[in-house]
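Shown next: model_21.csv, given as CSV, C-alpha atoms and all ligand atoms.
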chain,number,residue,atom,x,y,z
A,1,MET,CA,-30.8,-30.8,25.5
A,2,ASN,CA,-27.4,-32.0,24.5
A,3,THR,CA,-25.0,-30.8,27.1
A,4,SER,CA,-21.7,-31.6,25.4
A,5,PRO,CA,-19.8,-28.6,24.2
A,6,ARG,CA,-21.1,-27.4,20.9
A,7,PRO,CA,-18.8,-27.3,17.9
A,8,ILE,CA,-16.9,-24.0,17.2
A,9,TYR,CA,-18.9,-22.0,14.7
A,10,LEU,CA,-17.0,-21.2,11.6
A,11,ASP,CA,-19.8,-21.1,9.0
A,12,CYS,CA,-20.4,-17.4,8.8
A,13,HIS,CA,-21.1,-17.4,5.1
A,14,SER,CA,-24.2,-19.6,5.8
A,15,THR,CA,-25.5,-17.4,8.6
A,16,THR,CA,-24.4,-15.5,11.6
A,17,PRO,CA,-25.9,-15.0,15.1
A,18,VAL,CA,-27.8,-11.9,15.8
A,19,ASP,CA,-25.6,-9.3,17.5
A,20,GLN,CA,-27.0,-8.4,20.9
A,21,ARG,CA,-27.0,-4.8,20.0
A,22,VAL,CA,-29.2,-5.6,16.9
A,23,MET,CA,-31.5,-7.7,19.1
A,24,ALA,CA,-31.8,-4.8,21.6
A,25,ALA,CA,-32.9,-2.5,18.8
A,26,MET,CA,-35.5,-5.0,17.5
A,27,MET,CA,-37.1,-5.9,20.9
A,28,PRO,CA,-39.5,-3.0,21.4
A,29,PHE,CA,-41.0,-3.6,17.9
A,30,PHE,CA,-42.4,-7.0,18.8
A,31,THR,CA,-44.6,-6.2,21.7
A,32,GLN,CA,-44.8,-2.5,22.2
A,33,TYR,CA,-44.5,-0.8,18.9
A,34,PHE,CA,-46.2,-3.6,17.1
A,35,GLY,CA,-48.4,-1.6,14.7
A,36,ASN,CA,-48.8,-2.2,11.0
A,37,PRO,CA,-46.7,0.4,9.2
A,38,ALA,CA,-49.5,0.6,6.6
A,39,SER,CA,-52.1,1.6,9.2
A,40,VAL,CA,-52.4,5.3,8.5
A,41,SER,CA,-55.3,6.1,10.8
A,42,HIS,CA,-53.7,5.7,14.3
A,43,GLN,CA,-50.6,6.1,16.4
A,44,TYR,CA,-49.6,2.5,16.3
A,45,GLY,CA,-49.3,2.6,12.6
A,46,TRP,CA,-47.4,5.9,12.6
A,47,GLU,CA,-44.9,4.6,15.2
A,48,ALA,CA,-44.1,1.5,13.1
A,49,GLU,CA,-44.0,3.6,9.9
A,50,ALA,CA,-41.6,6.0,11.5
A,51,ALA,CA,-39.3,3.2,12.5
A,52,VAL,CA,-39.5,1.6,9.0
A,53,GLN,CA,-38.7,5.0,7.4
A,54,GLN,CA,-35.7,5.6,9.6
A,55,ALA,CA,-34.4,2.1,8.8
A,56,ARG,CA,-35.0,2.8,5.1
A,57,GLU,CA,-33.0,6.0,5.3
A,58,GLN,CA,-30.2,4.4,7.2
A,59,LEU,CA,-29.9,1.5,4.7
A,60,ALA,CA,-30.1,3.9,1.7
A,61,ALA,CA,-27.3,6.1,3.2
A,62,ALA,CA,-25.2,3.0,3.7
A,63,ILE,CA,-25.0,2.4,-0.1
A,64,ALA,CA,-25.4,6.0,-1.3
A,65,ALA,CA,-28.9,5.5,-2.4
A,66,THR,CA,-32.2,7.3,-1.7
A,67,PRO,CA,-34.8,5.8,0.6
A,68,GLU,CA,-37.3,5.4,-2.2
A,69,GLU,CA,-34.8,3.1,-4.0
A,70,ILE,CA,-35.0,0.5,-1.2
A,71,ILE,CA,-37.6,-2.3,-1.5
A,72,PHE,CA,-37.8,-4.6,1.5
A,73,THR,CA,-37.9,-8.3,0.7
A,74,SER,CA,-37.7,-11.6,2.7
A,75,GLY,CA,-34.0,-11.8,1.9
A,76,ALA,CA,-31.5,-12.0,-0.9
A,77,THR,CA,-33.2,-15.0,-2.6
A,78,GLU,CA,-36.3,-12.9,-3.1
A,79,ALA,CA,-34.4,-9.8,-4.0
A,80,ASN,CA,-32.5,-11.7,-6.7
A,81,ASN,CA,-35.8,-13.2,-8.1
A,82,LEU,CA,-37.4,-9.7,-8.1
A,83,ALA,CA,-34.4,-8.2,-9.8
A,84,ILE,CA,-33.9,-10.8,-12.5
A,85,LYS,CA,-37.5,-11.8,-13.3
A,86,GLY,CA,-38.7,-8.3,-12.7
A,87,VAL,CA,-36.3,-6.7,-15.2
A,88,ALA,CA,-36.9,-9.5,-17.7
A,89,GLU,CA,-40.6,-8.9,-17.6
A,90,ALA,CA,-40.4,-5.1,-17.7
A,91,TYR,CA,-37.9,-4.9,-20.6
A,92,LEU,CA,-39.4,-7.6,-22.9
A,93,ASP,CA,-39.5,-5.1,-25.7
A,94,ARG,CA,-35.8,-4.3,-25.4
A,95,GLY,CA,-34.5,-7.9,-25.6
A,96,LYS,CA,-34.3,-11.3,-24.1
A,97,HIS,CA,-30.6,-11.7,-23.4
A,98,ILE,CA,-29.2,-11.8,-19.8
A,99,VAL,CA,-25.6,-12.3,-18.7
A,100,ALA,CA,-24.8,-14.0,-15.4
A,101,VAL,CA,-21.7,-15.8,-14.0
A,102,VAL,CA,-21.3,-19.6,-13.5
A,103,THR,CA,-20.2,-19.0,-9.8
A,104,GLU,CA,-23.4,-17.1,-8.8
A,105,HIS,CA,-25.5,-18.3,-5.9
A,106,ASN,CA,-28.4,-20.6,-6.9
A,107,ALA,CA,-30.7,-17.7,-6.1
A,108,VAL,CA,-29.4,-16.1,-9.3
A,109,LEU,CA,-28.7,-19.2,-11.3
A,110,ASP,CA,-32.2,-20.7,-10.8
A,111,PRO,CA,-34.2,-17.6,-11.8
A,112,CYS,CA,-31.9,-17.4,-14.9
A,113,ARG,CA,-32.6,-21.0,-15.8
A,114,TYR,CA,-36.3,-20.5,-15.2
A,115,LEU,CA,-36.2,-17.5,-17.7
A,116,ARG,CA,-34.3,-19.7,-20.1
A,117,SER,CA,-37.2,-22.2,-20.0
A,118,LEU,CA,-39.5,-19.3,-20.9
A,119,GLY,CA,-37.4,-18.5,-24.0
A,120,PHE,CA,-34.9,-16.0,-22.7
A,121,ASP,CA,-31.3,-16.4,-23.8
A,122,ILE,CA,-28.9,-16.6,-20.9
A,123,THR,CA,-25.1,-16.4,-21.1
A,124,PHE,CA,-23.3,-17.9,-18.1
A,125,LEU,CA,-19.8,-16.3,-18.1
A,126,PRO,CA,-16.9,-18.6,-17.0
A,127,VAL,CA,-14.4,-17.4,-14.3
A,128,GLN,CA,-10.6,-17.6,-14.3
A,129,SER,CA,-8.8,-20.0,-12.0
A,130,ASN,CA,-8.7,-17.3,-9.3
A,131,GLY,CA,-12.5,-17.1,-9.4
A,132,LEU,CA,-12.8,-13.6,-11.0
A,133,ILE,CA,-14.5,-13.0,-14.3
A,134,SER,CA,-12.5,-11.5,-17.2
A,135,LEU,CA,-13.8,-8.1,-18.3
A,136,ALA,CA,-12.9,-9.0,-21.8
A,137,ASP,CA,-15.1,-12.0,-21.6
A,138,LEU,CA,-17.9,-9.9,-20.3
A,139,GLU,CA,-17.5,-7.3,-23.0
A,140,ASN,CA,-17.5,-10.0,-25.7
A,141,ALA,CA,-20.7,-11.4,-24.2
A,142,LEU,CA,-22.7,-8.2,-24.5
A,143,ARG,CA,-25.1,-7.8,-27.4
A,144,PRO,CA,-27.6,-5.2,-28.6
A,145,ASP,CA,-30.4,-7.3,-27.1
A,146,THR,CA,-28.7,-7.7,-23.7
A,147,ILE,CA,-31.0,-6.2,-21.0
A,148,LEU,CA,-29.2,-7.2,-17.8
A,149,VAL,CA,-25.9,-8.3,-16.4
A,150,SER,CA,-25.8,-10.0,-13.0
A,151,VAL,CA,-22.5,-10.4,-11.2
A,152,MET,CA,-22.2,-11.0,-7.5
A,153,ALA,CA,-20.1,-8.7,-5.4
A,154,ALA,CA,-18.6,-11.3,-3.1
A,155,ASN,CA,-18.7,-15.1,-3.6
A,156,ASN,CA,-20.3,-17.1,-0.8
A,157,GLU,CA,-18.0,-20.1,-1.2
A,158,ILE,CA,-14.5,-18.8,-2.1
A,159,GLY,CA,-15.0,-15.2,-0.9
A,160,VAL,CA,-13.6,-13.5,-4.1
A,161,LEU,CA,-14.6,-9.9,-4.8
A,162,GLN,CA,-15.6,-9.3,-8.4
A,163,PRO,CA,-14.5,-6.0,-10.0
A,164,ILE,CA,-17.9,-4.4,-9.5
A,165,ALA,CA,-17.0,-0.8,-10.4
A,166,GLU,CA,-15.4,-1.9,-13.7
A,167,ILE,CA,-18.4,-4.1,-14.6
A,168,GLY,CA,-20.8,-1.3,-13.7
A,169,ALA,CA,-18.9,1.2,-15.9
A,170,LEU,CA,-18.9,-1.2,-18.8
A,171,CYS,CA,-22.7,-1.9,-18.5
A,172,HIS,CA,-23.4,1.8,-18.0
A,173,GLN,CA,-21.5,2.8,-21.2
A,174,ARG,CA,-23.8,0.5,-23.2
A,175,GLY,CA,-27.1,1.2,-21.5
A,176,ILE,CA,-27.3,-2.3,-20.1
A,177,LEU,CA,-28.7,-2.7,-16.5
A,178,PHE,CA,-26.3,-4.1,-13.9
A,179,HIS,CA,-27.5,-6.2,-11.0
A,180,THR,CA,-25.3,-7.4,-8.2
A,181,ASP,CA,-26.0,-9.9,-5.5
A,182,ALA,CA,-24.3,-8.3,-2.5
A,183,ALA,CA,-25.6,-10.7,0.2
A,184,GLN,CA,-22.0,-11.4,1.3
A,185,ALA,CA,-20.7,-8.0,0.7
A,186,ILE,CA,-23.0,-5.5,2.5
A,187,GLY,CA,-21.5,-4.3,5.8
A,188,LYS,CA,-18.1,-6.0,5.0
A,189,ILE,CA,-16.8,-4.0,2.0
A,190,PRO,CA,-17.7,-0.4,1.0
A,191,LEU,CA,-20.6,-0.3,-1.5
A,192,ASN,CA,-21.6,2.8,-3.4
A,193,VAL,CA,-24.3,2.4,-6.0
A,194,ASN,CA,-23.3,5.6,-7.8
A,195,ALA,CA,-19.6,5.2,-7.9
A,196,MET,CA,-20.0,1.6,-8.9
A,197,LYS,CA,-22.8,2.2,-11.4
A,198,ILE,CA,-25.0,-0.4,-9.8
A,199,ASP,CA,-28.7,-0.4,-11.0
A,200,LEU,CA,-30.0,-3.2,-8.8
A,201,MET,CA,-28.5,-4.7,-5.7
A,202,SER,CA,-29.7,-7.6,-3.5
A,203,LEU,CA,-29.1,-7.4,0.2
A,204,THR,CA,-29.8,-9.6,3.2
A,205,ALA,CA,-29.4,-9.2,7.0
A,206,HIS,CA,-28.5,-12.6,8.3
A,207,LYS,CA,-25.0,-12.8,7.0
A,208,ILE,CA,-24.1,-9.7,9.0
A,209,TYR,CA,-25.4,-10.4,12.5
A,210,GLY,CA,-28.9,-9.3,11.6
A,211,PRO,CA,-32.1,-11.4,11.7
A,212,LYS,CA,-33.1,-14.0,9.1
A,213,GLY,CA,-36.0,-13.4,6.8
A,214,ILE,CA,-35.3,-9.8,5.9
A,215,GLY,CA,-33.4,-8.2,3.0
A,216,ALA,CA,-33.9,-5.6,0.3
A,217,LEU,CA,-33.5,-4.9,-3.3
A,218,TYR,CA,-32.0,-1.6,-4.3
A,219,VAL,CA,-33.6,-0.3,-7.5
A,220,ARG,CA,-32.2,2.8,-9.2
A,221,ARG,CA,-34.7,5.6,-9.7
A,222,ARG,CA,-32.5,8.1,-11.6
A,223,ASN,CA,-30.0,7.8,-14.5
A,224,PRO,CA,-31.6,5.5,-15.5
A,225,ARG,CA,-35.0,5.0,-13.8
A,226,VAL,CA,-35.1,1.2,-13.6
A,227,GLN,CA,-38.4,-0.6,-14.2
A,228,ILE,CA,-39.2,-3.9,-12.5
A,229,ALA,CA,-42.4,-5.9,-12.8
A,230,PRO,CA,-43.6,-6.9,-9.3
A,231,GLN,CA,-43.5,-10.6,-8.5
A,232,LEU,CA,-45.7,-10.5,-5.4
A,233,HIS,CA,-49.1,-8.9,-5.9
A,234,GLY,CA,-51.3,-7.8,-3.0
A,235,GLY,CA,-51.8,-4.8,-0.9
A,236,GLY,CA,-49.6,-2.5,-3.0
A,237,HIS,CA,-46.8,-2.1,-0.4
A,238,GLU,CA,-43.4,-0.8,-1.4
A,239,ARG,CA,-45.0,1.3,-4.1
A,240,GLY,CA,-46.7,-1.7,-5.6
A,241,LEU,CA,-43.4,-3.5,-6.3
A,242,ARG,CA,-43.5,-6.0,-3.4
A,243,SER,CA,-46.7,-6.5,-1.5
A,244,GLY,CA,-46.9,-7.9,2.0
A,245,THR,CA,-47.1,-6.4,5.5
A,246,LEU,CA,-43.7,-4.9,6.4
A,247,TYR,CA,-41.9,-6.8,9.2
A,248,THR,CA,-41.0,-3.9,11.4
A,249,PRO,CA,-38.7,-5.7,14.0
A,250,GLN,CA,-36.7,-7.4,11.2
A,251,ILE,CA,-36.4,-4.1,9.2
A,252,VAL,CA,-35.2,-2.3,12.3
A,253,GLY,CA,-32.7,-5.1,13.0
A,254,PHE,CA,-31.5,-5.2,9.4
A,255,ALA,CA,-30.7,-1.4,9.4
A,256,ALA,CA,-29.0,-1.8,12.8
A,257,ALA,CA,-26.9,-4.7,11.6
A,258,VAL,CA,-25.8,-2.9,8.4
A,259,GLN,CA,-24.9,0.3,10.5
A,260,LEU,CA,-22.8,-1.8,12.9
A,261,GLY,CA,-21.1,-3.5,10.0
A,262,ILE,CA,-20.2,-0.1,8.4
A,263,ASP,CA,-19.2,1.5,11.7
A,264,GLU,CA,-16.9,-1.4,12.6
A,265,MET,CA,-15.8,-2.4,9.1
A,266,GLY,CA,-12.2,-1.5,9.3
A,267,ALA,CA,-11.5,-3.1,12.7
A,268,GLU,CA,-13.5,-6.1,11.9
A,269,ALA,CA,-11.9,-6.8,8.6
A,270,ALA,CA,-8.5,-6.4,10.3
A,271,GLN,CA,-9.5,-8.9,13.0
A,272,THR,CA,-11.1,-11.5,10.7
A,273,SER,CA,-8.3,-11.4,8.2
A,274,TYR,CA,-5.8,-11.8,11.0
A,275,LEU,CA,-7.6,-14.9,12.1
A,276,ARG,CA,-7.9,-16.2,8.6
A,277,ASP,CA,-4.2,-15.8,7.9
A,278,ARG,CA,-3.4,-17.4,11.2
A,279,LEU,CA,-5.6,-20.4,10.3
A,280,TRP,CA,-4.0,-20.7,6.9
A,281,HIS,CA,-0.5,-20.4,8.5
A,282,HIS,CA,-1.3,-23.4,10.7
A,283,LEU,CA,-2.9,-25.5,7.9
A,284,SER,CA,-0.2,-24.8,5.3
A,285,GLN,CA,2.2,-26.8,7.5
A,286,LEU,CA,0.5,-29.8,5.8
A,287,ASP,CA,1.6,-30.6,2.2
A,288,LYS,CA,-0.8,-30.8,-0.7
A,289,ILE,CA,-3.3,-28.3,0.7
A,290,TYR,CA,-4.5,-25.5,-1.5
A,291,GLN,CA,-6.4,-22.2,-1.2
A,292,ASN,CA,-9.3,-21.7,-3.4
A,293,GLY,CA,-10.0,-18.2,-4.9
A,294,HIS,CA,-8.0,-15.1,-5.4
A,295,PRO,CA,-5.4,-14.7,-2.6
A,296,THR,CA,-6.0,-11.0,-1.8
A,297,GLN,CA,-9.1,-9.9,-3.7
A,298,ARG,CA,-11.4,-11.5,-1.2
A,299,LEU,CA,-13.6,-11.2,1.9
A,300,ALA,CA,-11.5,-10.9,5.0
A,301,GLY,CA,-13.1,-13.8,6.9
A,302,ASN,CA,-13.1,-16.4,4.1
A,303,LEU,CA,-10.8,-19.3,3.8
A,304,ASN,CA,-11.6,-22.1,1.3
A,305,ILE,CA,-9.2,-24.9,1.0
A,306,SER,CA,-8.9,-28.2,-0.9
A,307,VAL,CA,-7.0,-31.1,0.6
A,308,ASP,CA,-5.4,-33.6,-1.6
A,309,GLY,CA,-5.4,-37.3,-0.7
A,310,VAL,CA,-8.4,-37.4,1.6
A,311,ASP,CA,-12.1,-38.3,1.1
A,312,GLY,CA,-14.2,-35.1,1.3
A,313,GLN,CA,-17.1,-36.7,3.2
A,314,ALA,CA,-14.7,-38.4,5.7
A,315,LEU,CA,-13.0,-35.1,6.3
A,316,LEU,CA,-16.2,-33.2,7.0
A,317,LEU,CA,-17.5,-36.1,9.2
A,318,GLY,CA,-14.2,-36.2,11.1
A,319,LEU,CA,-14.4,-32.4,11.9
A,320,GLN,CA,-18.2,-32.3,12.6
A,321,PRO,CA,-18.0,-32.9,16.4
A,322,HIS,CA,-15.4,-30.1,16.8
A,323,VAL,CA,-16.2,-27.4,14.2
A,324,ALA,CA,-19.3,-26.3,12.3
A,325,LEU,CA,-18.3,-25.5,8.7
A,326,SER,CA,-19.3,-26.3,5.2
A,327,SER,CA,-17.9,-28.2,2.3
A,328,GLY,CA,-19.0,-26.3,-0.8
A,329,SER,CA,-22.1,-24.2,-0.3
A,330,ALA,CA,-24.5,-24.9,2.5
A,331,CYS,CA,-27.4,-24.1,0.2
A,332,THR,CA,-26.6,-27.1,-1.9
A,333,ALA,CA,-25.4,-29.3,0.9
A,334,ALA,CA,-28.4,-31.5,0.5
A,335,LYS,CA,-27.2,-32.5,-3.0
A,336,SER,CA,-24.0,-34.4,-3.0
A,337,ALA,CA,-22.6,-32.9,-6.1
A,338,PRO,CA,-19.2,-31.2,-6.1
A,339,SER,CA,-19.4,-27.5,-5.6
A,340,HIS,CA,-20.2,-25.7,-8.9
A,341,VAL,CA,-17.9,-22.9,-7.8
A,342,LEU,CA,-14.9,-25.1,-7.3
A,343,GLN,CA,-15.6,-26.9,-10.5
A,344,ALA,CA,-15.8,-23.5,-12.3
A,345,ILE,CA,-12.3,-22.5,-11.0
A,346,GLY,CA,-11.0,-25.8,-12.5
A,347,ARG,CA,-10.7,-28.0,-9.4
A,348,SER,CA,-11.0,-31.7,-10.0
A,349,ASP,CA,-14.0,-33.5,-8.6
A,350,ALA,CA,-11.8,-35.0,-5.9
A,351,LEU,CA,-10.4,-31.7,-4.8
A,352,ALA,CA,-13.8,-30.0,-5.0
A,353,TYR,CA,-15.2,-32.7,-2.7
A,354,ALA,CA,-12.3,-32.5,-0.3
A,355,SER,CA,-12.8,-28.8,0.3
A,356,LEU,CA,-13.5,-26.9,3.5
A,357,ARG,CA,-15.1,-23.5,3.7
A,358,PHE,CA,-14.1,-21.6,6.8
A,359,GLY,CA,-16.3,-18.5,7.5
A,360,ILE,CA,-14.7,-16.5,10.2
A,361,GLY,CA,-16.8,-13.8,11.9
A,362,ARG,CA,-17.1,-11.1,14.5
A,363,PHE,CA,-17.3,-13.4,17.4
A,364,ASN,CA,-14.5,-15.9,16.7
A,365,THR,CA,-11.4,-15.8,18.9
A,366,GLU,CA,-7.7,-16.6,18.3
A,367,ALA,CA,-8.0,-19.6,20.7
A,368,GLU,CA,-10.9,-21.0,18.6
A,369,ILE,CA,-8.8,-20.7,15.4
A,370,ASP,CA,-5.9,-22.5,17.0
A,371,GLN,CA,-8.1,-25.3,18.2
A,372,VAL,CA,-9.8,-25.7,14.8
A,373,ALA,CA,-6.4,-25.8,13.1
A,374,GLU,CA,-5.3,-28.5,15.5
A,375,PHE,CA,-8.5,-30.6,14.9
A,376,ALA,CA,-8.2,-30.1,11.1
A,377,ILE,CA,-4.5,-31.1,11.0
A,378,THR,CA,-5.0,-34.2,13.2
A,379,THR,CA,-8.0,-35.3,11.1
A,380,ILE,CA,-6.3,-34.8,7.8
A,381,GLN,CA,-3.2,-36.6,8.9
A,382,ALA,CA,-5.3,-39.5,10.3
A,383,LEU,CA,-7.2,-39.8,7.0
A,384,ARG,CA,-4.1,-39.7,5.0
A,385,GLN,CA,-2.6,-42.5,7.1
A,386,THR,CA,-5.6,-44.7,6.7
A,387,SER,CA,-5.7,-44.1,3.0
A,388,ILE,CA,-2.1,-45.2,2.6
A,389,VAL,CA,-2.7,-48.3,4.7
A,390,SER,CA,-5.8,-49.4,2.7
B,401,LIG,C1,-27.0,-16.3,1.5
B,401,LIG,C2,-27.0,-15.8,0.1
B,401,LIG,C3,-28.1,-15.6,-0.6
B,401,LIG,C4,-29.5,-16.0,-0.1
B,401,LIG,O1,-29.9,-15.0,0.9
B,401,LIG,P1,-31.2,-15.3,1.8
B,401,LIG,O2,-31.4,-13.9,2.4
B,401,LIG,O3,-30.8,-16.4,2.7
B,401,LIG,O4,-32.3,-15.6,0.9
B,401,LIG,C5,-28.0,-15.2,-1.9
B,401,LIG,N1,-26.8,-14.9,-2.5
B,401,LIG,C6,-25.7,-15.0,-1.8
B,401,LIG,C7,-24.4,-14.7,-2.4
B,401,LIG,C8,-25.7,-15.5,-0.5
B,401,LIG,O5,-24.6,-15.7,0.2
As structure tokens:
Amino acid sequence: MNTSPRPIYLDCHSTTPVDQRVMAAMMPFFTQYFGNPASVSHQYGWEAEAAVQQAREQLAAAIAATPEEIIFTSGATEANNLAIKGVAEAYLDRGKHIVAVVTEHNAVLDPCRYLRSLGFDITFLPVQSNGLISLADLENALRPDTILVSVMAANNEIGVLQPIAEIGALCHQRGILFHTDAAQAIGKIPLNVNAMKIDLMSLTAHKIYGPKGIGALYVRRRNPRVQIAPQLHGGGHERGLRSGTLYTPQIVGFAAAVQLGIDEMGAEAAQTSYLRDRLWHHLSQLDKIYQNGHPTQRLAGNLNISVDGVDGQALLLGLQPHVALSSGSACTAAKSAPSHVLQAIGRSDALAYASLRFGIGRFNTEAEIDQVAEFAITTIQALRQTSIVS
């Protein structure tokens, strides 16, 4: 094992550690209450089913839904696929037009592109330079054959919060279904599927101190009753909409993580936004350094910056031993293309490459933030020096 100190973790939009309290809630369901929730003929099954039902009720209550409206999935990627492909297939007779946003996660963009290859018509809405869509643009994009609008609640790169309630109201007026990818939003901002007129919502546990490999799709059952075509066929679990043995420990952990997020939302947002502002206060001592995304309509723990006059790759490499963070989205880090989100808000390729995404979370401290700021400032100054010399 490498015994040198590990970098400070500031990549909470990629994933988060499991909270010890969440872990404690999950533990009994690995070895003791290990039954299959679908086993109806014995106590082991009943115990697991009771735990799943309790988690389902807790999650439903967290978003003002009913338990039957929660479909467990392996995470937000699967939930997005089920929502978008599932609606497309179920509403074929209504139309083949879908509206999404250019800054969506690839787990929304790719299913949309796939549907386009099957003959669907997809409109990718642009965003303004602050990262938010314009409601007028959305309204203009809607057509009689539009079946679905998909707009994420909180962006995973620049942290901006889209006007979900306004979008929901607009879609609802026209009888168009509204899906939101709330992977980054659940447990961090209040979400109410009724007040916000959300018809489908994708959730995941691992961005809020829950385990990886579990998430859910909320599917509205009343006003309107939303139809989706299943994408995984098998044992008929989740009322036939998503087959596969339910993963009891992960489901219990998911509910516990969401509950903690909601119980501690106010205090945690105050703490992470304090740390975020502190980090920006330090970094903004440098010149030619810019924040990406709306300054206030954003996730508390997100700071995304572009640094002029440095090479993006060199910046990330310079910081790597000290701090774990991303440049652009981690999900596309394998590809060395500038972030599609930063391009969409109008950043040049150079500024998109020379960007840093700080994801500050529950376990970060003021001392860590001060250290990271120092590392970043030293690295940026050194890189700017060498680029002047060469
Ligand atoms: C992380 C993330 C996803 C993917 O979620 P998984 O549960 O890892 O599949 C989808 N959308 C957004 C906005 C995300 O941040």
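The spacing separating CA of Arg276 (chain A) from CA of Ile369 (chain A) amounts to 8.2 Å.
The point (-13.2, -23.0, -7.8) has these residues within 8 Å of it when all atoms listed in the file are used: Ser129, Asn130, Gly131, Ile158, Asn292, Gly293, Ser339, His340, Val341, Leu342, Gln343, Ala344, Ile345, Gly346, Arg347 and Ala352 of chain A.
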Name the residues, by chain letter and number, that sit within 7 Å of ligand LIG 401 (chain B) using all atoms listed in the file, and give them as a PyMOL selection string.
chain A and resi 13-14+74-78+104-105+107+152+154-156+181-184+204-207+212-215
CA of Gly168 (chain A) and CA of Gln297 (chain A), how far apart in Å?
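Pair CA of Gln297 (chain A) / CA of Gly168 (chain A) returns 17.6 Å.
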Set the distance at 10 Å and use all atoms listed in the file: which residues neighbour region 240-245 of chain A once local chain neighbours fewer than 5 positions away are removed? I'd like the list as an MDAnalysis selection string.
chainID A and resid 36:38 71:74 78:79 82 86 227:235
Using CA of Tyr9 (chain A) and CA of Arg357 (chain A) as the two end points, give the distance in Å to one decimal.
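Rounded to one decimal, the two atoms are 11.7 Å apart.
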Would you mind telling me which residue in A:Asn106, A:Thr272, A:Asn223, A:Gln53 lies nearest to Phe363 (chain A) when using only C-alpha atoms?
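Checking each candidate against Phe363 (chain A), we get A:Thr272 as the closest.
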Between A:Val108, A:Ile8, A:Val22, A:Leu148, which is the closest to Glu366 (chain A) once you count all atoms listed in the file?
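Distance minimum relative to Glu366 (chain A) lands on A:Ile8.
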Incomplete region 233-237 of chain A brought to all heavy atoms, written out as a PDB file, keeping the file's coordinate frame:
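For reference, out_33.pdb as written:
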ATOM      1  N   HIS A 233     -47.977  -9.842  -5.796  1.00  0.00           N
ATOM      2  CA  HIS A 233     -49.100  -8.900  -5.900  1.00  0.00           C
ATOM      3  C   HIS A 233     -49.933  -8.956  -4.668  1.00  0.00           C
ATOM      4  O   HIS A 233     -50.108 -10.033  -4.102  1.00  0.00           O
ATOM      5  CB  HIS A 233     -49.884  -9.143  -7.167  1.00  0.00           C
ATOM      6  CG  HIS A 233     -49.068  -9.151  -8.418  1.00  0.00           C
ATOM      7  ND1 HIS A 233     -48.431 -10.276  -8.888  1.00  0.00           N
ATOM      8  CD2 HIS A 233     -48.756  -8.164  -9.276  1.00  0.00           C
ATOM      9  CE1 HIS A 233     -47.779  -9.973  -9.996  1.00  0.00           C
ATOM     10  NE2 HIS A 233     -47.949  -8.700 -10.249  1.00  0.00           N
ATOM     11  N   GLY A 234     -50.457  -7.820  -4.241  1.00  0.00           N
ATOM     12  CA  GLY A 234     -51.300  -7.800  -3.000  1.00  0.00           C
ATOM     13  C   GLY A 234     -51.720  -6.455  -2.636  1.00  0.00           C
ATOM     14  O   GLY A 234     -52.334  -5.737  -3.421  1.00  0.00           O
ATOM     15  N   GLY A 235     -51.304  -6.049  -1.462  1.00  0.00           N
ATOM     16  CA  GLY A 235     -51.800  -4.800  -0.900  1.00  0.00           C
ATOM     17  C   GLY A 235     -51.128  -3.531  -1.431  1.00  0.00           C
ATOM     18  O   GLY A 235     -51.434  -2.434  -0.972  1.00  0.00           O
ATOM     19  N   GLY A 236     -50.204  -3.689  -2.363  1.00  0.00           N
ATOM     20  CA  GLY A 236     -49.600  -2.500  -3.000  1.00  0.00           C
ATOM     21  C   GLY A 236     -48.486  -1.877  -2.108  1.00  0.00           C
ATOM     22  O   GLY A 236     -48.135  -0.718  -2.297  1.00  0.00           O
ATOM     23  N   HIS A 237     -47.918  -2.649  -1.175  1.00  0.00           N
ATOM     24  CA  HIS A 237     -46.800  -2.100  -0.400  1.00  0.00           C
ATOM     25  C   HIS A 237     -45.599  -1.879  -1.223  1.00  0.00           C
ATOM     26  O   HIS A 237     -45.496  -2.381  -2.332  1.00  0.00           O
ATOM     27  CB  HIS A 237     -46.456  -3.120   0.751  1.00  0.00           C
ATOM     28  CG  HIS A 237     -47.621  -3.563   1.590  1.00  0.00           C
ATOM     29  ND1 HIS A 237     -48.496  -4.536   1.165  1.00  0.00           N
ATOM     30  CD2 HIS A 237     -48.050  -3.173   2.812  1.00  0.00           C
ATOM     31  CE1 HIS A 237     -49.409  -4.730   2.095  1.00  0.00           C
ATOM     32  NE2 HIS A 237     -49.170  -3.917   3.115  1.00  0.00           N
TER      33      HIS A 237
END
